[in-house]
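Undergrad: Structure file my_file-v9.cif (mmCIF, C-alpha atoms) is given on the next line.
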```
data_final
#
loop_
_atom_site.label_atom_id
_atom_site.label_comp_id
_atom_site.auth_asym_id
_atom_site.auth_seq_id
_atom_site.Cartn_x
_atom_site.Cartn_y
_atom_site.Cartn_z
CA MET A 295 13.13 -38.06 -0.96
CA SER A 296 15.05 -34.84 -1.56
CA ASN A 297 18.76 -35.01 -2.33
CA THR A 298 21.63 -32.64 -3.03
CA ASN A 299 20.72 -32.44 -6.72
CA ASP A 300 17.32 -30.99 -5.80
CA LEU A 301 19.02 -28.32 -3.74
CA LEU A 302 21.50 -27.56 -6.54
CA LEU A 303 18.61 -27.11 -8.99
CA GLN A 304 17.01 -24.53 -6.72
CA LEU A 305 20.31 -22.73 -6.07
CA ASN A 306 21.00 -22.45 -9.81
CA ALA A 307 17.46 -21.19 -10.38
CA LEU A 308 18.09 -18.57 -7.69
CA LEU A 309 21.36 -17.65 -9.40
CA ARG A 310 19.59 -17.05 -12.72
CA LEU A 311 16.83 -14.99 -11.08
CA THR A 312 19.39 -13.01 -9.10
CA ASN A 313 21.17 -12.05 -12.31
CA THR A 314 17.83 -10.86 -13.69
CA GLU A 315 17.26 -8.88 -10.49
CA ILE A 316 20.68 -7.18 -10.87
CA MET A 317 20.00 -6.08 -14.44
CA ILE A 318 16.56 -4.73 -13.54
CA ALA A 319 17.99 -2.72 -10.64
CA GLU A 320 20.55 -1.24 -13.05
CA ALA A 321 17.81 -0.39 -15.55
CA ARG A 322 15.65 1.25 -12.86
CA ARG A 323 18.48 3.64 -11.89
CA ALA A 324 17.77 5.70 -15.02
CA GLN A 325 14.16 6.09 -13.87
CA ALA A 326 14.98 7.30 -10.34
CA THR A 327 13.47 10.70 -9.52
CA ARG A 328 15.61 11.28 -6.43
CA SER A 329 19.27 10.80 -5.62
CA ASP A 330 18.48 8.63 -2.58
CA ILE A 331 16.40 6.28 -4.72
CA GLU A 332 19.22 6.03 -7.26
CA ARG A 333 21.65 5.19 -4.44
CA GLU A 334 19.31 2.51 -3.11
CA LEU A 335 19.00 0.94 -6.56
CA THR A 336 22.78 1.05 -7.00
CA THR A 337 23.20 -0.63 -3.60
CA ASN A 338 20.63 -3.26 -4.51
CA ALA A 339 22.50 -4.07 -7.73
CA ASP A 340 25.81 -4.29 -5.84
CA LYS A 341 24.28 -6.47 -3.14
CA GLY A 342 22.73 -8.60 -5.88
CA ARG A 343 26.19 -9.25 -7.34
CA GLU A 344 27.39 -10.21 -3.87
CA ARG A 345 24.46 -12.62 -3.50
CA ALA A 346 25.22 -14.11 -6.92
CA ARG A 347 28.82 -14.75 -5.83
CA MET A 348 27.61 -16.33 -2.59
CA LEU A 349 25.25 -18.60 -4.51
CA ALA A 350 27.98 -19.65 -6.94
CA ARG A 351 30.34 -20.39 -4.06
CA THR A 352 27.66 -22.41 -2.24
CA ILE A 353 26.92 -24.42 -5.38
CA ARG A 354 30.60 -25.28 -5.74
CA ASP A 355 30.88 -26.23 -2.08
CA LEU A 356 28.04 -28.71 -2.61
CA GLY A 357 29.93 -30.29 -5.51
CA GLY A 358 27.88 -28.67 -8.25
CA LEU A 359 28.62 -26.29 -11.10
CA PRO A 360 27.20 -22.76 -11.17
CA ASP A 361 25.02 -22.15 -14.20
CA LEU A 362 27.52 -20.58 -16.61
CA VAL A 363 24.75 -19.16 -18.78
CA GLY A 364 22.97 -17.70 -15.77
CA LEU A 365 24.27 -14.19 -16.34
CA ALA A 366 23.33 -14.29 -20.03
CA VAL A 367 19.89 -15.63 -19.16
CA GLY A 368 19.49 -12.93 -16.52
CA ARG A 369 20.40 -10.22 -18.99
CA PHE A 370 18.04 -11.63 -21.59
CA ALA A 371 15.18 -11.88 -19.08
CA ALA A 372 15.78 -8.33 -17.88
CA SER A 373 15.92 -7.02 -21.45
CA ALA A 374 12.72 -8.87 -22.33
CA LYS A 375 11.02 -7.47 -19.24
CA ALA A 376 12.17 -3.94 -20.09
CA MET A 377 10.86 -4.27 -23.63
CA GLY A 378 7.58 -5.77 -22.49
CA GLU A 379 6.89 -3.11 -19.89
CA GLN A 380 7.10 -0.33 -22.47
CA GLY A 381 3.45 -1.12 -23.06
CA GLN A 382 2.71 -0.78 -19.36
CA ASP A 383 2.61 2.09 -16.92
CA VAL A 384 5.04 2.45 -14.02
CA VAL A 385 2.71 0.68 -11.58
CA ASP A 386 2.52 -2.41 -13.76
CA ALA A 387 6.32 -2.40 -14.12
CA LEU A 388 6.72 -2.20 -10.33
CA LEU A 389 4.23 -5.02 -9.87
CA GLY A 390 6.35 -7.08 -12.27
CA ASP A 391 9.42 -6.34 -10.14
CA LEU A 392 7.46 -7.36 -7.05
CA THR A 393 6.47 -10.65 -8.69
CA LEU A 394 10.14 -11.41 -9.38
CA GLU A 395 11.09 -10.66 -5.76
CA HIS A 396 8.32 -12.88 -4.44
CA GLU A 397 9.53 -15.72 -6.66
CA LEU A 398 13.06 -15.21 -5.33
CA ALA A 399 11.77 -15.20 -1.75
CA ASP A 400 9.63 -18.31 -2.30
CA ARG A 401 12.45 -20.24 -3.96
CA THR A 402 14.78 -19.20 -1.17
CA ARG A 403 12.39 -20.57 1.44
CA LEU A 404 12.04 -23.82 -0.52
CA ALA A 405 15.82 -24.16 -0.72
CA MET A 406 16.06 -23.49 3.02
CA MET A 407 13.67 -26.36 3.68
CA LEU A 408 15.87 -28.60 1.53
CA THR A 409 18.98 -27.57 3.47
CA GLU A 410 17.23 -28.41 6.72
CA HIS A 411 16.33 -31.85 5.41
CA LEU A 412 19.88 -32.41 4.11
CA ASP A 413 21.53 -30.84 7.18
CA ALA A 414 23.50 -28.46 4.91
CA GLN A 415 24.10 -25.64 7.39
CA PRO A 416 26.59 -23.56 5.32
CA ALA A 417 24.09 -23.42 2.45
CA ARG A 418 21.34 -22.50 4.91
CA ASP A 419 23.44 -19.60 6.21
CA THR A 420 23.70 -18.25 2.66
CA LEU A 421 19.97 -18.64 2.08
CA GLU A 422 19.08 -16.90 5.33
CA ARG A 423 20.98 -13.83 4.11
CA LEU A 424 19.16 -14.05 0.80
CA GLU A 425 15.80 -14.29 2.56
CA GLN A 426 16.49 -11.10 4.53
CA ALA A 427 17.61 -9.26 1.40
CA HIS A 428 14.52 -10.24 -0.61
CA ALA A 429 12.21 -9.33 2.26
CA ALA A 430 13.86 -5.88 2.34
CA THR A 431 13.45 -5.44 -1.43
CA ILE A 432 9.79 -6.48 -1.26
CA GLU A 433 9.29 -3.86 1.45
CA TRP A 434 11.00 -1.24 -0.73
CA LEU A 435 8.76 -2.05 -3.71
CA ASN A 436 5.64 -1.99 -1.52
CA VAL A 437 6.61 1.48 -0.30
CA ARG A 438 7.06 2.66 -3.88
CA LEU A 439 3.61 1.32 -4.79
CA ALA A 440 2.13 2.91 -1.68
CA GLU A 441 3.58 6.26 -2.76
CA VAL A 442 1.68 5.94 -6.04
CA ALA A 443 -1.51 4.81 -4.30
CA THR A 444 -1.50 7.69 -1.80
CA GLY A 445 -0.59 10.37 -4.34
CA GLY A 446 2.87 10.94 -2.86
CA PRO A 447 6.00 11.79 -4.84
CA ASN A 448 6.89 8.87 -7.09
CA ALA A 449 10.35 7.36 -6.74
CA LEU A 450 10.51 6.29 -10.40
CA ARG A 451 9.69 8.30 -13.50
CA PRO A 452 8.10 6.59 -16.50
CA THR A 453 10.15 6.01 -19.62
CA PRO A 454 9.29 8.31 -22.57
CA LEU A 455 7.17 5.59 -24.18
CA GLN A 456 5.35 4.91 -20.92
CA SER A 457 4.60 8.63 -20.65
CA MET A 458 3.13 8.65 -24.14
CA ILE A 459 1.01 5.61 -23.30
CA GLY A 460 -0.29 7.40 -20.20
CA ILE A 461 -1.21 10.45 -22.26
CA GLY A 462 -2.90 8.21 -24.81
CA ARG A 463 -5.00 6.58 -22.13
CA ARG A 464 -6.13 9.95 -20.83
CA LEU A 465 -6.96 11.13 -24.35
CA SER A 466 -8.94 7.96 -24.98
CA GLU A 467 -11.27 9.02 -22.16
CA LEU A 468 -12.07 12.37 -23.80
CA PRO A 469 -14.88 11.15 -26.12
CA ALA A 470 -16.74 9.69 -23.17
CA ARG A 471 -16.35 12.94 -21.21
CA ASN A 472 -17.44 15.02 -24.18
CA THR A 473 -20.51 12.81 -24.61
CA SER A 474 -21.38 13.29 -20.94
CA GLN A 475 -21.06 17.06 -21.29
CA ALA A 476 -23.31 17.07 -24.35
CA VAL A 477 -25.94 15.06 -22.52
CA ASN A 478 -25.72 17.44 -19.56
CA ARG A 479 -26.26 20.46 -21.84
CA SER A 480 -29.31 18.83 -23.36
CA ILE A 481 -30.74 18.09 -19.95
CA ASP A 482 -30.11 21.66 -18.82
CA GLY A 483 -32.52 22.88 -21.50
CA ALA A 484 -35.28 20.44 -20.76
CA GLY A 485 -36.98 22.10 -17.75
CA ARG A 486 -39.27 19.76 -15.90
CA ILE A 487 -38.02 16.72 -17.81
CA ARG A 488 -34.51 17.66 -16.77
CA ARG A 489 -35.42 17.71 -13.10
CA GLN A 490 -37.21 14.38 -13.29
CA THR A 491 -34.39 12.82 -15.27
CA VAL A 492 -31.69 14.11 -12.94
CA ASP A 493 -33.61 12.91 -9.90
CA ALA A 494 -34.04 9.48 -11.44
CA VAL A 495 -30.40 9.26 -12.49
CA GLN A 496 -29.15 10.41 -9.09
CA THR A 497 -31.41 7.93 -7.32
CA ASN A 498 -30.33 5.04 -9.52
CA THR A 499 -26.68 6.04 -9.37
CA LYS A 500 -26.83 6.23 -5.60
CA ARG A 501 -28.46 2.82 -5.40
CA VAL A 502 -25.89 1.29 -7.72
CA ARG A 503 -23.04 2.87 -5.74
CA GLU A 504 -24.49 1.60 -2.48
CA LEU A 505 -24.87 -1.89 -3.92
CA VAL A 506 -21.31 -1.91 -5.26
CA GLU A 507 -19.91 -0.62 -1.96
CA ALA A 508 -21.95 -3.13 0.01
CA ALA A 509 -20.83 -5.96 -2.25
CA GLY A 510 -17.21 -4.89 -1.83
CA GLU A 511 -17.55 -4.72 1.94
CA ILE A 512 -19.24 -8.13 2.05
CA TRP A 513 -16.53 -9.67 -0.15
CA THR A 514 -13.74 -8.11 1.92
CA ALA A 515 -15.35 -9.18 5.19
CA GLY A 516 -15.83 -12.70 3.86
CA ARG A 517 -12.24 -12.89 2.66
CA ASN A 518 -10.92 -11.63 5.99
CA ALA A 519 -13.05 -14.05 7.97
CA SER A 520 -11.99 -16.95 5.74
CA LEU A 521 -8.31 -16.13 6.14
CA LYS A 522 -8.64 -15.81 9.89
CA ARG A 523 -10.50 -19.11 10.15
CA THR A 524 -7.91 -20.82 7.92
CA GLU A 525 -5.16 -19.62 10.23
CA GLN A 526 -7.04 -20.88 13.27
CA ILE A 527 -7.63 -24.32 11.75
CA ALA A 528 -4.00 -24.62 10.67
CA GLY A 529 -2.86 -23.72 14.19
CA GLU A 530 -5.26 -26.21 15.81
CA ARG A 531 -3.96 -28.99 13.56
CA GLY A 532 -0.36 -28.17 14.37
CA HIS A 533 0.50 -26.84 10.90
CA LYS A 534 2.55 -23.96 12.24
CA GLY A 535 4.18 -23.08 8.91
CA GLN A 536 0.82 -22.79 7.15
CA ALA A 537 -0.68 -20.78 9.99
CA ARG A 538 2.30 -18.42 9.92
CA ALA A 539 2.02 -18.01 6.13
CA VAL A 540 -1.71 -17.19 6.34
CA ASN A 541 -1.04 -14.75 9.18
CA GLU A 542 1.58 -12.99 7.05
CA ARG A 543 -0.90 -12.76 4.18
CA ARG A 544 -3.57 -11.32 6.48
CA ARG A 545 -1.13 -8.67 7.68
CA GLU A 546 -0.13 -7.82 4.10
CA LEU A 547 -3.79 -7.24 3.23
CA GLY A 548 -4.62 -5.37 6.42
CA ALA A 549 -7.10 -8.18 7.10
CA VAL A 550 -6.45 -8.24 10.83
CA ASP A 551 -8.36 -6.94 13.84
CA GLY A 552 -7.19 -3.76 15.51
CA GLY A 553 -6.30 -5.82 18.56
CA GLU A 554 -3.77 -7.84 16.53
CA LEU A 555 -1.69 -4.76 15.71
CA PRO A 556 1.55 -4.07 17.58
CA ILE A 557 0.14 -0.77 18.89
CA ARG A 558 -2.31 -1.15 21.76
CA GLY A 559 -5.68 0.53 21.28
CA TYR A 560 -4.77 1.59 17.73
CA ASP A 561 -8.38 2.10 16.60
CA THR A 562 -8.96 4.71 19.31
CA LEU A 563 -5.86 6.82 18.58
CA ARG A 564 -5.94 10.23 16.92
CA ALA A 565 -3.94 10.57 13.73
CA ASP A 566 -1.08 12.50 15.37
CA VAL A 567 -0.81 10.00 18.23
CA ALA A 568 -0.95 7.05 15.84
CA SER A 569 1.83 8.61 13.73
CA THR A 570 4.03 9.04 16.81
CA ARG A 571 3.47 5.45 17.94
CA ILE A 572 4.25 4.16 14.44
CA GLY A 573 7.51 6.09 14.47
CA ARG A 574 8.60 4.10 17.53
CA LEU A 575 8.18 0.71 15.84
CA THR A 576 11.47 -0.99 14.98
CA ASP A 577 10.32 -4.23 13.35
CA VAL A 578 9.64 -4.14 9.60
CA GLU A 579 6.75 -6.61 9.81
CA ASP A 580 5.10 -4.55 12.54
CA VAL A 581 5.30 -1.39 10.42
CA ARG A 582 3.99 -3.27 7.40
CA SER A 583 1.03 -4.57 9.40
CA VAL A 584 0.06 -1.13 10.61
CA LEU A 585 0.51 0.41 7.14
CA ALA A 586 -1.66 -2.24 5.50
CA TYR A 587 -4.33 -1.93 8.22
CA GLU A 588 -4.37 1.87 8.03
CA THR A 589 -4.61 1.80 4.24
CA ALA A 590 -7.46 -0.73 4.26
CA HIS A 591 -9.50 0.78 7.10
CA LYS A 592 -8.84 4.43 7.96
CA ALA A 593 -6.63 5.73 5.12
CA ARG A 594 -5.42 8.79 7.05
CA LYS A 595 -2.82 10.41 4.82
CA GLY A 596 -0.56 11.65 7.63
CA VAL A 597 -0.55 8.26 9.34
CA ILE A 598 0.24 6.46 6.08
CA GLN A 599 3.10 8.87 5.40
CA ALA A 600 4.50 8.26 8.91
CA ALA A 601 4.41 4.51 8.30
CA GLN A 602 6.10 4.93 4.91
CA ARG A 603 8.89 7.01 6.45
CA ASN A 604 9.47 4.39 9.12
CA LEU A 605 9.49 1.64 6.48
CA ASP A 606 12.07 3.54 4.41
CA GLU A 607 14.32 3.77 7.47
CA ARG A 608 13.90 0.09 8.37
CA VAL A 609 14.49 -1.03 4.78
CA ALA A 610 17.63 1.11 4.54
CA GLU A 611 18.92 -0.50 7.74
CA LEU A 612 18.21 -3.99 6.45
CA ALA A 613 19.84 -3.24 3.10
CA ALA A 614 22.96 -1.94 4.85
CA ALA A 615 23.07 -4.99 7.11
CA SER A 616 22.76 -7.43 4.21
#
```
Here is the file; what I need is its structure written in the form of structure tokens.
TA:
Amino acid sequence: MSNTNDLLLQLNALLRLTNTEIMIAEARRAQATRSDIERELTTNADKGRERARMLARTIRDLGGLPDLVGLAVGRFAASAKAMGEQGQDVVDALLGDLTLEHELADRTRLAMMLTEHLDAQPARDTLERLEQAHAATIEWLNVRLAEVATGGPNALRPTPLQSMIGIGRRLSELPARNTSQAVNRSIDGAGRIRRQTVDAVQTNTKRVRELVEAAGEIWTAGRNASLKRTEQIAGERGHKGQARAVNERRRELGAVDGGELPIRGYDTLRADVASTRIGRLTDVEDVRSVLAYETAHKARKGVIQAAQRNLDERVAELAAAS
């Protein structure tokens, strides 16, 4: 049976992770490409310090001792992450940040369940604020990744070493491209053999592409159907928490039906109408659902940009409120 010590362990773990989060937000400020992004990162670091103080106060109120080495551990973890990601590109670094935020969110939810069991309402109040803050940060990181995925302006610039690594990767592709060009030149001079070869290559390439695309569609359809069925079974068995978690995952992946979206008749809307309707949404989860669905199914650039703008506004509101 859970006791106060179990809750204190989770709160101290959250304190250590929060200190890591603060240091990473500070480090990311130097990579910001826009003043608004730098302000958001500064705010996140400041709010992180506030959350750390709240956690420390909650730990004391429960009769425990805040982890005195938490700040040092957080700094060390952030430094190690910064060093490690020098061998990554910006996307991988952002995915690492997202992993940290998901761990914070998951631990917060676990701690909230413990507070409910222990009837520790003051601690639960603190954790509810943390949960909102981490949800907002996850949204912010998802928007940054979506900017990269859709070719929009990136919010973060790579470090000098990351830039060099990116150049190196592009250069490493040159031999393969040069080989392809040499083969093409040889084929160009081969007359009838060229035509037969090109026809054969095009036919085979087309078949391979069709097979790959079909396999991807089958896998995606199977995954979506499995998730939907899992949610249904969980709901039928009364496991509301599990059903809700699966539903959230489906929405994150865009693995929902058009009829499940918060905009009626979404699949039939023109891009301009869809963008307008998205702009009227006020709930972060609703905007996320539509963005994920649009990205997975239609991928209309203007609609995706409208959803990203709305998400930025909602996230800014949540950050200010927290």
Undergrad: Need to verify the contact set: segment 568-579 of chain A, 10 Å, all atoms listed in the file, exclusion of same-chain residues closer than 2 positions in sequence. Can you return it as number ranges by chain?
TA: A: 429-430, 433, 542, 545-546, 556-566, 581-585, 588, 594, 596-609, 612
Undergrad: Specify as a list in words each residue included when the PyMOL selection byres ((chain A and resi 537) around 10) is applied to this file.
TA: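 Checking the PyMOL selection byres ((chain A and resi 537) around 10) against this file, the residues are Leu521, Lys522, Arg523, Thr524, Glu525, Gln526, Ile527, Ala528, Gly529, Glu530, Arg531, Gly532, His533, Lys534, Gly535, Gln536, Arg538, Ala539, Val540, Asn541, Glu542 and Arg543 of chain A.
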Undergrad: Identify which of the residues A:Ala549, A:Leu349, A:Ala326, A:Val385 lies closest to Leu309 of chain A, counting all atoms listed in the file when measuring atom-to-atom distances.
TA: A:Leu349
Undergrad: Using only C-alpha atoms, which residues sit within 8 Å of Ile353 of chain A once same-chain residues fewer than 5 positions away are excluded, as a PyMOL selection string?
TA: chain A and resi 302+305-306+358-360
Undergrad: Rounded to one decimal place, report the atom CA of Glu410 of chain A-atom CA of Leu308 of chain A distance in Å.
TA: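 A separation of 17.5 Å between them.
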Undergrad: Have a look at atom CA of Arg333 of chain A and atom CA of Glu315 of chain A and let me know their distance in Å, one decimal.
TA: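 Taking atom CA of Arg333 of chain A as the start and atom CA of Glu315 of chain A as the end point, the length is 15.9 Å.
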